[in-house]
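*Asks:* Sharing protein.txt below, compact mmCIF, C-alpha atoms and all ligand atoms:
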# COMPACT_ATOMS: atom_id res chain seq x y z
CA MET A 1 195.27 30.29 177.69
CA GLU A 2 196.09 28.67 174.39
CA ASN A 3 192.67 27.83 173.07
CA CYS A 4 190.76 30.75 174.44
CA LEU A 5 189.03 32.88 171.80
CA PHE A 6 189.19 36.09 173.82
CA CYS A 7 192.88 35.56 174.72
CA LYS A 8 193.45 35.31 170.95
CA ILE A 9 191.58 38.59 170.47
CA VAL A 10 193.75 40.19 173.19
CA LYS A 11 196.88 38.97 171.38
CA GLY A 12 195.57 40.26 168.05
CA ASP A 13 195.52 36.77 166.51
CA ILE A 14 191.78 37.19 165.86
CA PRO A 15 190.54 40.60 164.72
CA SER A 16 188.01 42.61 166.69
CA THR A 17 186.38 46.00 166.47
CA LYS A 18 187.97 47.69 169.46
CA VAL A 19 186.17 50.48 171.22
CA TYR A 20 188.44 50.81 174.28
CA GLU A 21 191.84 49.52 175.33
CA ASP A 22 194.23 50.08 178.20
CA GLU A 23 196.97 48.06 179.89
CA LYS A 24 194.51 45.71 181.59
CA VAL A 25 191.24 45.88 179.70
CA LEU A 26 189.93 45.50 176.16
CA ALA A 27 186.45 46.29 174.86
CA PHE A 28 185.18 45.38 171.41
CA ARG A 29 181.90 45.04 169.54
CA ASP A 30 180.04 41.74 169.82
CA ILE A 31 180.12 39.85 166.54
CA ALA A 32 176.40 38.95 166.87
CA PRO A 33 174.84 42.05 168.43
CA MET A 34 171.64 41.62 170.43
CA ALA A 35 171.03 45.37 170.68
CA PRO A 36 172.02 48.43 168.60
CA THR A 37 175.01 48.81 170.93
CA HIS A 38 176.50 45.51 172.12
CA ILE A 39 180.03 45.66 173.45
CA LEU A 40 182.08 43.09 175.36
CA VAL A 41 184.48 44.30 178.05
CA ILE A 42 187.15 41.80 179.07
CA PRO A 43 190.24 41.67 181.27
CA LYS A 44 193.39 41.08 179.21
CA GLU A 45 194.45 38.42 181.69
CA HIS A 46 192.59 35.13 181.45
CA ILE A 47 189.88 34.76 184.09
CA GLY A 48 187.43 31.99 183.22
CA SER A 49 184.22 33.47 184.57
CA VAL A 50 182.72 35.30 187.54
CA ASN A 51 183.36 32.06 189.46
CA GLU A 52 187.10 32.69 189.11
CA VAL A 53 187.06 36.21 190.53
CA ASN A 54 188.94 36.24 193.83
CA ALA A 55 190.83 38.56 196.18
CA GLU A 56 193.92 38.46 193.92
CA ASN A 57 192.21 39.50 190.69
CA ALA A 58 189.20 41.49 191.92
CA ALA A 59 190.94 44.82 191.25
CA ILE A 60 190.68 44.20 187.52
CA VAL A 61 186.91 43.74 187.87
CA ALA A 62 186.66 46.98 189.83
CA HIS A 63 188.68 48.66 187.07
CA ILE A 64 186.35 47.24 184.41
CA PHE A 65 183.45 48.85 186.24
CA THR A 66 185.14 52.23 186.02
CA VAL A 67 185.68 51.69 182.29
CA ILE A 68 182.07 50.65 181.55
CA PRO A 69 180.54 54.10 182.22
CA GLN A 70 183.26 55.72 180.10
CA ILE A 71 182.35 53.42 177.21
CA ALA A 72 178.63 54.06 177.77
CA ALA A 73 179.26 57.80 177.61
CA ALA A 74 181.39 57.47 174.46
CA GLU A 75 178.62 55.37 172.88
CA LYS A 76 176.05 57.99 173.93
CA LEU A 77 173.94 55.54 175.91
CA GLU A 78 172.27 58.40 177.78
CA GLY A 79 169.03 56.44 178.04
CA GLY A 80 170.71 53.69 180.03
CA TYR A 81 172.15 50.29 179.36
CA ARG A 82 172.43 46.79 180.78
CA VAL A 83 175.60 45.03 181.98
CA VAL A 84 175.49 41.23 181.89
CA SER A 85 177.99 38.49 182.64
CA ASN A 86 176.89 34.94 181.86
CA CYS A 87 178.49 32.42 184.20
CA GLY A 88 178.27 28.71 183.49
CA PRO A 89 175.96 26.53 181.40
CA ASP A 90 172.61 27.57 182.90
CA ALA A 91 173.43 31.18 181.95
CA GLY A 92 174.52 30.11 178.46
CA GLN A 93 178.16 31.14 178.81
CA THR A 94 179.83 30.21 175.52
CA VAL A 95 183.23 31.88 175.84
CA HIS A 96 185.10 30.88 178.97
CA HIS A 97 186.99 34.13 179.45
CA LEU A 98 185.32 36.62 181.82
CA HIS A 99 183.39 39.23 179.88
CA PHE A 100 180.78 41.86 180.57
CA HIS A 101 178.19 42.57 177.89
CA ILE A 102 177.13 46.21 177.57
CA LEU A 103 173.73 46.30 175.87
CA GLY A 104 171.93 49.47 174.94
CA GLY A 105 170.64 51.80 172.27
CA LYS A 106 167.03 50.69 172.59
CA GLN A 107 164.43 49.95 175.26
CA LEU A 108 165.66 46.56 176.49
CA SER A 109 163.36 43.69 177.34
CA ALA A 110 162.15 43.58 180.94
CA GLU A 111 162.74 39.83 180.88
CA MET A 112 165.89 39.03 182.82
CA ALA A 113 165.58 35.26 182.67
P1 LIG B 1 178.51 34.52 176.32
O1 LIG B 1 177.41 33.77 175.62
O2 LIG B 1 178.05 35.35 177.46
O3 LIG B 1 179.69 33.62 176.65
O4 LIG B 1 179.01 35.60 175.28
C1 LIG B 1 179.94 35.37 174.29
C2 LIG B 1 179.73 36.45 173.27
O5 LIG B 1 180.87 36.50 172.45
C3 LIG B 1 178.52 36.23 172.35
O6 LIG B 1 177.62 37.33 172.47
C4 LIG B 1 179.15 36.15 170.96
O7 LIG B 1 178.35 36.75 169.96
C5 LIG B 1 180.47 36.88 171.16
N1 LIG B 1 181.54 36.52 170.24
C6 LIG B 1 181.93 35.28 169.88
N2 LIG B 1 182.99 35.35 169.06
C7 LIG B 1 183.27 36.66 168.89
C8 LIG B 1 184.24 37.38 168.13
N3 LIG B 1 185.17 36.76 167.38
N4 LIG B 1 184.23 38.73 168.20
C9 LIG B 1 183.30 39.37 168.94
N5 LIG B 1 182.37 38.75 169.68
C10 LIG B 1 182.34 37.42 169.64
ZN ZN B 2 191.18 33.78 177.80
What is this file in C-alpha cells?
Ligand code: AMP
Ligand code: ZN

*Replies:*
Amino acid sequence: MENCLFCKIVKGDIPSTKVYEDEKVLAFRDIAPMAPTHILVIPKEHIGSVNEVNAENAAIVAHIFTVIPQIAAAEKLEGGYRVVSNCGPDAGQTVHHLHFHILGGKQLSAEMA
C-alpha cells in the first residue's frame, strides 16, 4: 500500500525502533507511548484492520499472538500487559494497517472505554 505509514516502516522508508522482526511480523516502539512499555506489533503484509482479517490471512494473526508473549517476556512485563487493536473511527483507529498495541510496565487503567 503506497501511502500506508506502517507499510513504509516495514520497507524501512520511515525509521522505527524495532523490538522484534521475523519474515512476517514487525514490532516497534510506539512514537507516542501511553505506558512505560508501548509496542506495536504488525503484520508485514498490508491488512487494513481487524475487519479485514479473513480465512486467507488469519494465520498471520495467530502468529502475531505467539510473538506477543515472547515480546512481553523480553520486555519483562511479568506483572501483565494489555493487547489492544483499534478498529474503525469509533475506536479511534488512526493508522489503517492492522496493529496490536502492547501496553504495560505500570498498573493500567481499569477503564476500557
Ligand atoms: P491507532 O490509534 O490504534 O491507529 O494507533 C496508531 C499508533 O501509531 C498510535 O499509538 C501512534 O502513536 C503510533 N504511531 C504513529 N506514527 C508512528 C511512527 N512513525 N512510529 C511509531 N508509532 C507511530
Ligand atoms: Zn500498510

*Asks:* In Å, rounded to a single decimal, give me how far atom CA of His99 of chain A is from atom CA of Pro43 of chain A.

*Replies:* 7.4 Å

*Asks:* For segment 48-60 of chain A, list every protein, DNA or RNA residue within 10 Å, evaluated using only C-alpha atoms, and leave out those in the same chain fewer than 3 positions away; present the list as a ChimeraX atom specification.

*Replies:* /A:1,4,24-25,42-45,63-66,85-88,93,95-100

*Asks:* Pick out the closest residue to Leu108 of chain A from this set: A:Thr94, A:Val10, A:Ile71, A:His38. Count only C-alpha atoms.

*Replies:*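 With only C-alpha atoms as the atom set, the closest residue is A:His38.
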
*Asks:* Which value, in Å to one decimal, gives the distance between atom CA of Ala35 of chain A and atom CA of Asp13 of chain A?

*Replies:*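 Separating atom CA of Ala35 of chain A from atom CA of Asp13 of chain A is a distance of 26.3 Å.
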
*Asks:* When you draw a straight line from atom CA of Pro69 of chain A to atom CA of Val83 of chain A, how long is it in Å?

*Replies:*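 Between these atoms lies a distance of 10.3 Å.
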
*Asks:* Given all atoms listed in the file as the basis, pick out the residue of A:Glu21, A:Ile31, A:His46, A:Pro36 nearest to ligand ZN 2 (chain B).

*Replies:*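 The answer is A:His46, which sits nearest to ligand ZN 2 (chain B).
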
*Asks:* For Val84 of chain A, which residue out of A:Val67, A:Val61, A:Leu40, A:Ile47 is the nearest one, using only C-alpha atoms?

*Replies:* A:Leu40

*Asks:* Taking all atoms of segment 58-64 of chain A that the file lists and extending 6 Å past them on each side, where is the centre of the axis-aligned box and how long are its edges? Answer in Å to one decimal, as AutoDock Vina command-line options.

*Replies:*
--center_x 188.6 --center_y 45.1 --center_z 188.2 --size_x 16.6 --size_y 19.2 --size_z 19.5
